[in-house]
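For reference, the structure discussed in these notes is given below.
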Amino acid sequence: MSIILDHVDYVYGEDTTLAVHALNDVNLVIPDGQFIGLIGHTGSGKSTLVQHLNGLIKPTGGSIYFNGEDIHAEGYDKKKLRSKVGLVFQYPEHQLFEIDVFKDVCFGPKNLGLTQKEAELRAYAALKQVGLEDEYFYQSPFDLSGGQKRRVAIAGVLAMKPDVLVLDEPTAGLDPKGRDEILDQVAKLKEETGITVILVSHSMEDVAKYVDRIIVMNQGSVLYDDVPKEVFKHYRELEDVGLAAPQVTYIMQALHKSGMPVATDATTIEQAAQEILQIFF
Amino acid sequence: MGIIKTDKLVFEYIRRDEEGNVEGITRAVDEVDLDVKQGDFVAILGHNGSGKSTLAKHINAILYPTEGAVWVDGMDTRDEKDLWNIRQEAGMVFQNPDNQIIGQVVEEDVGFGPENMGVPTEEIWERVEESLKAVGMYAYRKFSPNKLSGGQKQRVSIAGVIAMHPKCIILDEPTAMLDPNGRKEVVRAVRALNDVEGITVVLITHYMEEIIHADKVFVMDKGKVAMEGTPREIFSQVKRLKELRLDVPQVTLLAYELQRKGIELPDGILTVEELTQHLLQKYHMK
């Protein structure tokens, strides 16, 4: 069970004077159960890449395999693919439309052809998974707070029971607590269900805290693909491509430069605190 | 009186059903007293729904007080005859750059504001030039806005506001949709406006590290001002901020964690340099 991208190319407006090469020979293997952070500056190809994962965009070159099958082969069931690879777009709350929360989350599974009863069971489970309390189920989704609306939107995708959950900047515009709540919930979901999570984010701090693998995109190509510690070692190169490292990385670099015997590869507050404490006690 | 002053400002959203009957009233801003001095850099923090955007919209008369009053440079926002003067003096920049740009070419977009104010053509071009230079976007003046990155678009939006020669500029989460570099560019441009041009800045954000240089920070909660002080005073109160669904910059949090584990450090460390200096001192004394 995995997604494989094999020499994937994508050109917007191919054969026109406005052609833009958005993806350039991308090769990736996404095995089950990983928590992956996808980072890159605006226009680096992240969104184009994730839209390939469930077949919304067809590559102009190369192939994509889901569980060993070419998703663009003749007769491949794309509808099923889209229920297995769930995409949550930016500001997904703009896509809420039903009169109450529960109906909104039922919409996806009902479209899969499930019975009303099955759809409702799935909706209930999905809303529990995102941590929304029962009291909100019959409220209009538009009366909820920003963070709650976003959870409802994520639940709408989870109700399809995907194997892979792709979240495109799920925390944009949320307050710090709201950011933590959503990501904690996603991490917990991943622990409990073993779902693969791909998190597209502009927050290096969030990525460092949650994921076990980072893919860095630049100009349509994969620049780095490694564990957070290794990727953030390249903080200068990351700055050159419009990104950065978490602030703790800079702190550890500064401490090291000033002559303190600390390792410089901490990427979270906990790791940094531990590293600093060991030189004092 | 400062450039922006509010006196017991109250704003209530009235929810109505389909027939127009009042269903409920939400008090989004609740007796807020604000006094911002000309030339200050003021930050407003607060969780989603705390009332900070509603408050900001009062400063350029998009919303009017339900009770209390707002003055911008001495003009009462309830006074209709001053409406356009207020909007010219207090410019606003919003979250999504794509919703704020209308021109086909960067310099046209920036010229839109002054043109609407009836500024003579000659002067419009002067203003466009100086505004784009102030945000570091002059080299892109002939570009189409849709060829720009998010950070660049946001800086064009800011140039569009300063071309109207405002005394203050209010930015409502201008970096929420940007990548790290875009955030840096925008914050740098905003600080330059404040430092070099002396424009009063009111910055609303969820990114704590963007406001460590502010002169004053207001923290909103349930429509009220829950905390106010310098960044150092505010960020010294890690627990209180977390209760208000907020956070502190990573360096401040790290210092706080080290403090709790027994390393003596002052409260409210704001920069990497500060932390390094203090730790180095301790290390050499050991």
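How things are named: the first chain in the structure tokens is A, the next is B, and so on; residues count from 1 in each chain; ligands count from 1 in the order shown.
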Requested in this report: Can you pull out every residue within 9 Å of region 33-39 of chain A, counting only C-alpha atoms, but drop anything in the same chain fewer than 5 positions away, and send it as a ChimeraX atom specification?
Outcome: /A:44,46,163-164,187,190-191,193-204,207-208,210-218,228,243
Query raised in the report: Could you write out as a ChimeraX atom specification the residues of chain A within 8 Å of chain B, counting only C-alpha atoms?
Result: /A:40-43,145-146,172-178,202-203,239,242-244,247-248,250-251,254-255,258,260,269,272-273,277,280
Query raised in the report: Contacts of region 9-17 of chain B at 10 Å or less, counting only C-alpha atoms, minus same-chain residues fewer than 2 places along, as a PyMOL selection string?
Result: chain B and resi 5-7+19-34+51+54-55+58+63-70+223-224
Requested in this report: Would you kindly return, as a VMD selection string, each protein, DNA or RNA residue with an atom no farther than 7 Å from any atom of Asn54 (chain A), considering only C-alpha atoms and excluding same-chain residues fewer than 2 positions away?
Outcome: chain A and resid 51 to 52 56 81 to 82 85
How about saving the chosen residues, all heavy atoms kept, as an mmCIF file, in the first residue's frame?
```cif
data_model
loop_
_atom_site.group_PDB
_atom_site.id
_atom_site.type_symbol
_atom_site.label_atom_id
_atom_site.label_comp_id
_atom_site.auth_asym_id
_atom_site.auth_seq_id
_atom_site.Cartn_x
_atom_site.Cartn_y
_atom_site.Cartn_z
ATOM 1 N N GLN A 51 -2.256 17.749 -5.958
ATOM 2 C CA GLN A 51 -3.405 17.479 -6.825
ATOM 3 C C GLN A 51 -3.165 16.301 -7.765
ATOM 4 O O GLN A 51 -4.107 15.770 -8.348
ATOM 5 C CB GLN A 51 -3.776 18.733 -7.627
ATOM 6 C CG GLN A 51 -4.387 19.800 -6.741
ATOM 7 C CD GLN A 51 -4.694 21.056 -7.507
ATOM 8 O OE1 GLN A 51 -5.596 21.090 -8.343
ATOM 9 N NE2 GLN A 51 -3.947 22.108 -7.245
ATOM 10 N N HIS A 52 -1.916 15.906 -7.896
ATOM 11 C CA HIS A 52 -1.618 14.696 -8.667
ATOM 12 C C HIS A 52 -1.941 13.432 -7.877
ATOM 13 O O HIS A 52 -2.201 12.387 -8.456
ATOM 14 C CB HIS A 52 -0.130 14.650 -9.042
ATOM 15 C CG HIS A 52 0.191 15.439 -10.266
ATOM 16 N ND1 HIS A 52 0.403 16.789 -10.240
ATOM 17 C CD2 HIS A 52 0.342 15.060 -11.563
ATOM 18 C CE1 HIS A 52 0.669 17.208 -11.468
ATOM 19 N NE2 HIS A 52 0.637 16.184 -12.293
ATOM 20 N N LEU A 56 -6.498 14.536 -9.622
ATOM 21 C CA LEU A 56 -7.195 15.746 -10.066
ATOM 22 C C LEU A 56 -6.470 16.363 -11.256
ATOM 23 O O LEU A 56 -7.074 17.005 -12.099
ATOM 24 C CB LEU A 56 -7.267 16.772 -8.931
ATOM 25 C CG LEU A 56 -8.301 16.520 -7.848
ATOM 26 C CD1 LEU A 56 -8.212 17.593 -6.783
ATOM 27 C CD2 LEU A 56 -9.710 16.481 -8.432
ATOM 28 N N LEU A 81 -10.308 6.037 -5.970
ATOM 29 C CA LEU A 81 -9.026 6.650 -5.612
ATOM 30 C C LEU A 81 -9.262 7.910 -4.776
ATOM 31 O O LEU A 81 -8.605 8.142 -3.764
ATOM 32 C CB LEU A 81 -8.252 7.019 -6.883
ATOM 33 C CG LEU A 81 -6.980 7.860 -6.680
ATOM 34 C CD1 LEU A 81 -5.885 7.018 -6.046
ATOM 35 C CD2 LEU A 81 -6.503 8.460 -7.987
ATOM 36 N N ARG A 82 -10.253 8.709 -5.200
ATOM 37 C CA ARG A 82 -10.493 9.979 -4.509
ATOM 38 C C ARG A 82 -11.077 9.784 -3.123
ATOM 39 O O ARG A 82 -10.971 10.671 -2.281
ATOM 40 C CB ARG A 82 -11.372 10.886 -5.359
ATOM 41 C CG ARG A 82 -10.559 11.403 -6.503
ATOM 42 C CD ARG A 82 -11.216 12.336 -7.442
ATOM 43 N NE ARG A 82 -10.278 12.525 -8.556
ATOM 44 C CZ ARG A 82 -10.616 12.628 -9.816
ATOM 45 N NH1 ARG A 82 -11.896 12.577 -10.150
ATOM 46 N NH2 ARG A 82 -9.711 12.787 -10.742
ATOM 47 N N VAL A 85 -7.646 8.703 -1.236
ATOM 48 C CA VAL A 85 -6.695 9.790 -1.019
ATOM 49 C C VAL A 85 -7.518 11.067 -0.811
ATOM 50 O O VAL A 85 -8.033 11.649 -1.750
ATOM 51 C CB VAL A 85 -5.734 9.956 -2.220
ATOM 52 C CG1 VAL A 85 -4.741 11.080 -1.956
ATOM 53 C CG2 VAL A 85 -5.002 8.650 -2.489
#
```
Query raised in the report: Could you pull the residues within 9 Å of Phe102 (chain A), counting only C-alpha atoms, minus those fewer than 4 positions along the same chain, as number ranges by chain?
Result: A: 98, 106-107, 120, 123-124, 127, 136-139, 141, 152
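Of note, CA of Pro145 (chain B) and CA of Glu107 (chain B) are spaced 9.5 Å apart.
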Report task. Can you check which residues of region 52-258 of chain A DSSP gives as strand (DSSP E or B) on the backbone and send them as a PyMOL selection string? Result -> chain A and resi 61-66+69-70+85-88+164-168+196-200+213-218+221-226
Query - Polymer residues at most 9 Å from Ser83 (chain A), only C-alpha atoms, same-chain spacing of 4 or more positions, as a ChimeraX atom specification - result: /A:54,78-79,108-109,112,157,160-163
Query - For CA of Thr171 (chain A) and CA of Lys58 (chain A), the interatomic separation in Å (one decimal) - result: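 It comes out at 27.8 Å.
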Query raised in the report: Please, what distance in Å, to one decimal, runs between CA of Met1 (chain B) and CA of Met164 (chain B)?
Result: 23.0 Å
**Report entry** Contacts of region 153-163 of chain B within 9 Å, only C-alpha atoms, excl. fewer than 2 positions in-chain, as a count of residues only
**Finding:** 54
Query raised in the report: Got a sec to tell me which of region 9-195 of chain B DSSP assigns to helix (DSSP H, G or I), as a PyMOL selection string?
Result: chain B and resi 52-59+80-89+97-99+106-116+121-134+138-140+145-147+150-162+180-195
Output C-alpha atoms for every residue in that selection, as a compact mmCIF listing (two decimals), in the first residue's frame.
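Wrote selection13.txt, looks like this:
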```txt
# COMPACT_ATOMS: atom_id res chain seq x y z
CA LYS B 52 -9.56 42.33 17.10
CA SER B 53 -10.71 42.61 13.48
CA THR B 54 -13.96 44.23 14.53
CA LEU B 55 -11.96 46.75 16.51
CA ALA B 56 -9.65 47.39 13.56
CA LYS B 57 -12.56 48.05 11.22
CA HIS B 58 -13.64 50.92 13.47
CA ILE B 59 -10.37 52.73 12.89
CA GLU B 80 -20.21 61.49 8.06
CA LYS B 81 -18.57 64.54 6.54
CA ASP B 82 -15.15 63.31 7.69
CA LEU B 83 -15.61 59.78 6.33
CA TRP B 84 -13.28 60.13 3.33
CA ASN B 85 -10.72 62.09 5.30
CA ILE B 86 -10.65 59.31 7.88
CA ARG B 87 -10.27 56.58 5.28
CA GLN B 88 -7.43 58.51 3.69
CA GLU B 89 -5.63 59.03 6.97
CA PRO B 97 -3.54 39.85 -1.24
CA ASP B 98 -5.64 38.57 -4.14
CA ASN B 99 -8.72 40.36 -2.84
CA VAL B 106 1.58 47.13 -10.38
CA GLU B 107 2.01 50.91 -10.77
CA GLU B 108 -1.60 51.35 -11.90
CA ASP B 109 -2.80 49.49 -8.87
CA VAL B 110 -0.80 51.70 -6.54
CA GLY B 111 -2.04 54.83 -8.34
CA PHE B 112 -5.69 53.86 -7.92
CA GLY B 113 -6.06 55.36 -4.44
CA PRO B 114 -4.56 58.79 -5.10
CA GLU B 115 -6.38 58.97 -8.44
CA ASN B 116 -9.69 58.49 -6.66
CA THR B 121 -1.61 63.23 -12.48
CA GLU B 122 1.94 64.47 -12.06
CA GLU B 123 1.79 63.98 -8.32
CA ILE B 124 0.15 60.54 -8.63
CA TRP B 125 3.27 59.29 -10.43
CA GLU B 126 5.51 60.78 -7.78
CA ARG B 127 3.49 59.10 -5.06
CA VAL B 128 3.48 55.76 -6.88
CA GLU B 129 7.23 55.91 -7.20
CA GLU B 130 7.91 56.78 -3.56
CA SER B 131 5.39 54.24 -2.27
CA LEU B 132 6.81 51.39 -4.32
CA LYS B 133 10.31 52.35 -3.24
CA ALA B 134 9.24 52.39 0.41
CA TYR B 138 9.88 49.69 -7.46
CA ALA B 139 11.71 47.23 -9.71
CA TYR B 140 8.38 45.45 -10.28
CA PRO B 145 0.31 41.60 -10.15
CA ASN B 146 -0.57 37.98 -10.90
CA LYS B 147 3.08 37.27 -11.69
CA GLY B 150 2.20 36.45 -2.06
CA GLY B 151 4.69 38.58 -0.14
CA GLN B 152 5.24 40.82 -3.13
CA LYS B 153 1.50 41.23 -3.70
CA GLN B 154 1.02 42.15 -0.08
CA ARG B 155 3.75 44.78 -0.35
CA VAL B 156 1.99 46.21 -3.41
CA SER B 157 -1.21 46.40 -1.33
CA ILE B 158 0.73 48.29 1.32
CA ALA B 159 2.19 50.64 -1.31
CA GLY B 160 -1.36 51.27 -2.54
CA VAL B 161 -2.29 52.42 0.94
CA ILE B 162 0.74 54.61 1.54
CA PRO B 180 8.34 32.35 5.54
CA ASN B 181 10.13 34.62 3.10
CA GLY B 182 6.96 36.52 2.24
CA ARG B 183 6.29 37.04 5.94
CA LYS B 184 9.78 38.39 6.46
CA GLU B 185 9.48 40.78 3.48
CA VAL B 186 6.17 42.19 4.68
CA VAL B 187 7.25 42.61 8.28
CA ARG B 188 10.45 44.33 7.16
CA ALA B 189 8.48 46.70 4.90
CA VAL B 190 6.05 47.55 7.69
CA ARG B 191 8.85 48.25 10.15
CA ALA B 192 10.56 50.51 7.61
CA LEU B 193 7.35 52.52 7.12
CA ASN B 194 7.22 53.06 10.83
CA ASP B 195 10.92 53.78 11.39
```
